[in-house]
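*Asks:* Have a look at the structure that comes next, please.
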Amino acid sequence: MLKRFFNVDISHQSIESCIISDENDDISVNESYSGYYLFDSLWTKINGVWNYFLVLFDVKLNSVVSMDLVESEDIGTIYKFLDDSLRNQPKICIVSDLKDEYHPAIEKVGVRHQFCMFHTKQKINRNIREDKKRNNYSDEELEYLNYCKQLVFDVLDANDLESAKKGRDYLISIQNNLPKVIFNLLWFFIIPYFKTITFHLENSNVPTTSNKIENFFQKVFPKHIKKTLRTFEGARTRFSLKTKYWVQRNFRGIHHQSY
């Protein structure tokens, strides 16, 4: 339009630079959220240094609750972000992937935690795949290992909590005959985090994956952008602007958020 009506030739990049250099308010907290959230972080390089966008997402309203750009993903930083974001808000459940820092921070906030089922299965498959590489299993041993792996997946895919408990208890009953990798998964993952893996069976409103927030990241900050940023404030402003535009198009509430 500038070119057509005023004969002014200006690039998209110049316009964007003008926008992100201006003051932009953060996403404000809606009056009330659903209590069902997704949480994740998105890495980005700013002038060659790793930084992280922390994002809390309301899965029912399909809306971003809050976001922040931080220099570290440590437990204290994540706890402070979640605690500030959820002040005076319903706290029913947060779904996330399996990063070590997430679970203790979420528990400290006082919210039930649900592991993303996709990432849970991914971890189990990865552990078993690495175990197969380290060991020269016979065909018979591989067949039994795959059978035991399916027993673990039966727990994850159970339709109700009682079925999940029965599957877990059966694995415990045959623990002495389990391959070492399955034994370790049972005692160092499935049993300690059983409630975190199966909370969606107690409450049907709890999503089983964090796909929505990952799809949001792909729309708002695709990979080709993440390594091109130069300043902390520029990155923060750009992410905030793109997030606001996305929320305005996708928010499921009666009223859109005000900014």
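Going by the structure tokens order, chains are called A, B, ..., each with residues numbered from 1, while ligands are numbered from 1 in the order shown.
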Near segment 156-167 of chain A, counting only C-alpha atoms, which residues have an atom at most 9 Å away, once you skip same-chain residues fewer than 5 positions from it, shown as a list in words?

*Replies:* Met117, Thr120, Lys121, Leu151, Ile172, Phe194, Ile197, Thr198, Phe199, His200, Leu201 and Glu202 of chain A

*Asks:* For the atom pair atom CA of Glu233 of chain A and atom CA of Val95 of chain A, what is the interatomic distance in Å to one decimal place?

*Replies:*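 These two atoms are separated by 28.5 Å.
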
*Asks:* Can you list every residue in segment 23-223 of chain A that DSSP puts in strand (DSSP E or B), as a PyMOL selection string?

*Replies:* chain A and resi 36-46+49-58+63-70+93-96+112-115

*Asks:* Here is a test: counting only C-alpha atoms, which residue of A:Tyr36, A:Met1, A:Asp131, A:Asp58 is nearest to Phe216 of chain A?

*Replies:*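 Ranked by minimum distance to Phe216 of chain A, first place goes to A:Asp58.
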
*Asks:* Show me, as a PDB file with N, CA, C and O atoms, in the first residue's frame, the residues that have an atom within 7 Å of Ile92 of chain A when counting only C-alpha atoms, minus same-chain residues fewer than 2 positions from it.

*Replies:*
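Result saved to part.pdb:
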```pdb
ATOM      1  N   GLY A  35      -7.951 -24.006  34.281  1.00  0.00           N
ATOM      2  CA  GLY A  35      -7.257 -24.863  35.240  1.00  0.00           C
ATOM      3  C   GLY A  35      -6.512 -26.002  34.593  1.00  0.00           C
ATOM      4  O   GLY A  35      -5.747 -26.716  35.244  1.00  0.00           O
ATOM      5  N   TYR A  36      -6.692 -26.185  33.270  1.00  0.00           N
ATOM      6  CA  TYR A  36      -6.017 -27.246  32.522  1.00  0.00           C
ATOM      7  C   TYR A  36      -5.000 -26.611  31.582  1.00  0.00           C
ATOM      8  O   TYR A  36      -5.379 -25.908  30.634  1.00  0.00           O
ATOM      9  N   PRO A  90      -7.328 -21.052  38.725  1.00  0.00           N
ATOM     10  CA  PRO A  90      -7.556 -22.475  39.015  1.00  0.00           C
ATOM     11  C   PRO A  90      -6.297 -23.288  38.705  1.00  0.00           C
ATOM     12  O   PRO A  90      -5.613 -23.016  37.712  1.00  0.00           O
ATOM     13  N   VAL A 111       0.301 -28.084  41.688  1.00  0.00           N
ATOM     14  CA  VAL A 111      -0.598 -28.486  40.614  1.00  0.00           C
ATOM     15  C   VAL A 111      -0.301 -29.937  40.261  1.00  0.00           C
ATOM     16  O   VAL A 111       0.860 -30.358  40.266  1.00  0.00           O
ATOM     17  N   ARG A 112      -1.330 -30.705  39.965  1.00  0.00           N
ATOM     18  CA  ARG A 112      -1.105 -32.070  39.503  1.00  0.00           C
ATOM     19  C   ARG A 112      -0.406 -32.044  38.142  1.00  0.00           C
ATOM     20  O   ARG A 112      -0.694 -31.197  37.303  1.00  0.00           O
TER      21      ARG A 112
END
```

*Asks:* From a backbone DSSP assignment, name each residue in segment 110-236 of chain A labelled alpha helix (DSSP H), as an MDAnalysis selection string.

*Replies:* chainID A and resid 117:134 139:156 161:173 180:185 194:202 211:220 223:226 232:236

*Asks:* Have a look at A:Phe251, A:Tyr245, A:Tyr193, A:Trp50 and name the one nearest to Glu71 of chain A; count only C-alpha atoms.

*Replies:*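 Under the stated criterion, the closest residue is A:Trp50.
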
*Asks:* Between A:Ile174, A:Ile94, A:Val247, A:Leu38, which has the minimum distance to Thr196 of chain A (counting only C-alpha atoms)?

*Replies:* A:Ile94
